[in-house]
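To start, the structure under review is shown below, and the notes come after it.
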Amino acid sequence: MEDTILIIGACGQIGTELTERLREVYGGKNIIASDIREGNDEMMAAGPFEIVDATNKEQILEVIEKYNVNQVYLMAAMLSATAEKYPLKGWDLNMTSLLAVLELAKDKHIEKVYWPSSMAVFGNTSPKMNTPQKTVMEPSTVYGISKVAGEHWCNYYHNKYGVDVRSIRYPGIISWKTLPGGGTTDYAVDIYFEALKNKNFECFLGENTRLPMMYMKDAIDATIQIMQANSDQIKIRTSYNLGAISFTPKEIANEIKKYVPDFSISYKPDFRQDIADTWPQIIDDSQARKDWGWKHEFDLASMTNDIISNLKKSKEYSL
C-alpha cells in the first residue's frame with residue numbers, strides 16, 4: 001500500500017521543512033499539508049493543502065477519509081515561551097490535538113502516528129549532564145507538562161490499543177528557512193539573521209547557558225527515519241531522547257564571528273532564562289542510536305557554515 005501522509009501543523013518551524021522533505025521522499029500528491037492557516041506559496045503549489053483545526057477530531061477525520069491517509073504527523077503545538085503566556089490555551093492545543101489523533105488511530109482510521117515531544121519534559125530535578133532516557137521528569141512549564149502527559153498517553157494507547165505511535169524528544173531546533181515559533185532555544189535561530197543583517201544581537205539567555213541543540217536537517221532526517229523503521233525496532237513508546245550538539249550563546253557567537261568579524265553580542269536574560277535553567281545541558285540519546293540507527297551529521301561549525309552560506313544567497317542578508 002502506498003503511504004499517504006497528513007501533516008497537521010505544516011506551517012510551523014519544523015512542519016514547513018518536514019512537509020518539503022516528505023514530498024521529496026514520497027511525492028507531492030501523497031503528502032497532505034494542513035494548518036489553521038494557509039502555507040507559503042511553495043507549500044500550497046507543491047501538493048494538497050487543507051485548513052484544519054488540530055483540536056477538531058471531525059475535521060481531521062474528514063481529511064483522512066478524503067485522501068485515504070494512513071499516517072499522521074501531528075506537529076501542531078504551542079511552544080514553551082508562548083505557552084507560559086497562555087497556559088490554558090497551550091494545554092488545550094497540545095493535549096486535545098494529540099488525543100484526537102490517538103483516538104482516530106485506535107479506531108483504525110490511520111495506521112501510524114508521529115508526535116513530537118521535547119527536552120522540556122525534564123526539570124530541575126533531572127540530571128543536567130548526559131540526561132538519561134529514563135530519569136526524573138518534573139517540568140516547570142506548561143509545555144513540558146503537556147509533553148510528559150502526552151508521552152504517557154502515547155504509551156497507554158500503544159499498550160492498551162496497539163496504536164503504532166512514535167515520538168522523539170527534540171532538543172532546540174535551528175533553521176535558516178523558517179522563523180522561530182516562540183521557543184526558549186529560538187535565540188540560536190535569531191542570532192544568525194541578526195548577525196548578517198545588523199551585526200549585533202541581544203540574547204535573552206546568559207552567555208554560558210548550555211543547551212542541547214540540533215540542525216533542522218538532522219531533526220527532519222531523524223523524524224522520517226523513526227517513522228520508516230520497522231515496528232519491532234521501536235522499543236520505547238513514550239518518546240526517544242535525541243541529541244546532536246550542545247553549546248552556549250557565547251560559543252555560537254564566537255563561531256559566527258569567523259564569518260562576521262565585527263559581530264557583537266550582548267546579554268539581557270528574561271523569563272526564558274528560568275526555563276532554560278531547568279533543562280538538560282547534554283542529552284544521552286544512546287537508546288535511539290541503538291534501536292533505530294540514529295546518527296547526526298552536523299556539529300556547530302558545519303551548521304554555522306551551512307546557515308550563513310545559505311543566508312548570504314539572499315540580498316537581504318548578503319554581506
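Residues in the C-alpha cells are numbered from 1 in each chain, the chains being A, B, ... in the order shown, and ligands are numbered from 1 in the order shown.
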Selection near range 30-38 of chain A, 9 Å with only C-alpha atoms, sequence-local residues under 2 positions removed, as a count of residues only: 35
Could you make a table, as a tab-separated table, of the residues of range 90-136 of chain A that have an atom within 12 Å of an atom of range 287-296 of chain A, each with its nearest atom pair and distance in Å to one decimal, counting only C-alpha atoms, in chain and number order?
residue	atom	partner	partner_atom	distance
A:Thr131	CA	A:Gln287	CA	11.9
A:Pro132	CA	A:Gln287	CA	9.2
A:Gln133	CA	A:Gln287	CA	7.2
A:Lys134	CA	A:Gln287	CA	10.1
Please extract the residues of range 33-229 of chain A with a backbone DSSP assignment of helix (DSSP H, G or I) and present them as JSON, numbers by chain. {"A": [41, 42, 43, 44, 45, 46, 57, 58, 59, 60, 61, 62, 63, 64, 65, 66, 67, 80, 81, 82, 83, 84, 85, 87, 88, 89, 90, 91, 92, 93, 94, 95, 96, 97, 98, 99, 100, 101, 102, 103, 104, 105, 106, 119, 120, 121, 142, 143, 144, 145, 146, 147, 148, 149, 150, 151, 152, 153, 154, 155, 156, 157, 158, 159, 160, 161, 187, 188, 189, 190, 191, 192, 193, 194, 195, 196, 197, 216, 217, 218, 219, 220, 221, 222, 223, 224, 225, 226, 227, 228]}
Kindly assemble as CSV a list of the range 194-218 of chain A residues that lie within 12 Å of range 111-119 of chain A, each paired with its nearest atom pair and their distance in Å to one decimal, using only C-alpha atoms, sorted first by chain and then by ascending residue number.
residue,atom,partner,partner_atom,distance
A:Leu211,CA,A:Met119,CA,9.7
A:Pro212,CA,A:Met119,CA,8.4
A:Met213,CA,A:Met119,CA,10.1
A:Met214,CA,A:Met119,CA,11.9
Could you save the residues just selected, with C-alpha atoms, as a JSON list (two decimals), in the first residue's frame?
[["chain", "number", "residue", "atom", "x", "y", "z"],
["A", 211, "LEU", "CA", 21.55, 23.71, 25.93],
["A", 212, "PRO", "CA", 21.17, 20.70, 23.60],
["A", 213, "MET", "CA", 20.59, 21.77, 20.00],
["A", 214, "MET", "CA", 20.17, 20.24, 16.57]]
Can you measure CA of Trp91 in chain A to CA of Lys147 in chain A for me? One decimal in Å is fine. 9.5 Å
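Minimum distance to Ala222 in chain A across A:Ile245, A:Met303, A:Val260, A:Ile168 (counting only C-alpha atoms) occurs at A:Ile168.
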Coordinates-based distance that separates CA of Arg272 in chain A from CA of Met78 in chain A (Å, one decimal): 15.1 Å
Which one is closest to Asn200 in chain A: A:Ser264, A:Gln13, A:Ser231, A:Asn124? Count only C-alpha atoms. A:Ser264
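What separates CA of Thr184 in chain A from CA of Thr82 in chain A is a distance of 9.1 Å.
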Please report, as a PyMOL selection string, each residue of range 135-295 of chain A to which DSSP assigns strand (DSSP E or B) when run on this structure's backbone. chain A and resi 164-166+168-170+172-174+200-203+211-215+240-241+245-247+264-267+283
Choose the residue, out of A:Ile308, A:Ile283, A:Ile220, A:Val136, that has the smallest atom-to-atom separation from Tyr192 in chain A; count only C-alpha atoms. A:Ile308
Shell around Ala120 in chain A at 8 Å using only C-alpha atoms, local window under 2 positions removed, as a VMD selection string: chain A and resid 80 118 122 to 123 139 141 143 to 144 147 279
Please dump the current selection as a tab-separated table (two decimals), in the first residue's frame; keep N, CA and C atoms.
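Writing done, so here's part-v3.tsv:
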chain	number	residue	atom	x	y	z
A	80	SER	N	7.21	26.50	24.29
A	80	SER	CA	7.44	26.78	25.71
A	80	SER	C	7.17	28.22	26.12
A	118	SER	N	9.72	16.71	23.64
A	118	SER	CA	10.73	17.77	23.77
A	118	SER	C	11.57	17.54	25.01
A	122	PHE	N	12.01	17.51	30.92
A	122	PHE	CA	12.92	17.47	32.06
A	122	PHE	C	12.78	18.74	32.90
A	123	GLY	N	13.23	18.68	34.14
A	123	GLY	CA	13.13	19.82	35.03
A	123	GLY	C	14.34	19.94	35.93
A	139	PRO	N	8.79	18.75	34.97
A	139	PRO	CA	8.92	20.00	34.22
A	139	PRO	C	8.28	21.19	34.94
A	141	THR	N	7.25	24.00	33.14
A	141	THR	CA	6.48	24.79	32.17
A	141	THR	C	5.24	24.04	31.72
A	143	TYR	N	4.30	23.77	28.67
A	143	TYR	CA	4.74	22.99	27.51
A	143	TYR	C	5.32	21.66	27.95
A	144	GLY	N	6.22	21.70	28.93
A	144	GLY	CA	6.84	20.47	29.43
A	144	GLY	C	5.83	19.53	30.07
A	147	LYS	N	3.91	17.79	27.43
A	147	LYS	CA	4.71	16.78	26.74
A	147	LYS	C	4.88	15.52	27.60
A	279	TRP	N	16.46	22.90	32.12
A	279	TRP	CA	16.62	21.92	31.05
A	279	TRP	C	18.01	21.28	31.05
Residue nearest Glu24 in chain A among A:Ile224, A:Asn155, A:Val165, A:Glu65 (counting only C-alpha atoms): A:Ile224
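Nearest to Ile173 in chain A of all the residues A:Tyr187, A:Phe201, A:Tyr86, A:Tyr157 is A:Tyr187, based on only C-alpha atoms.
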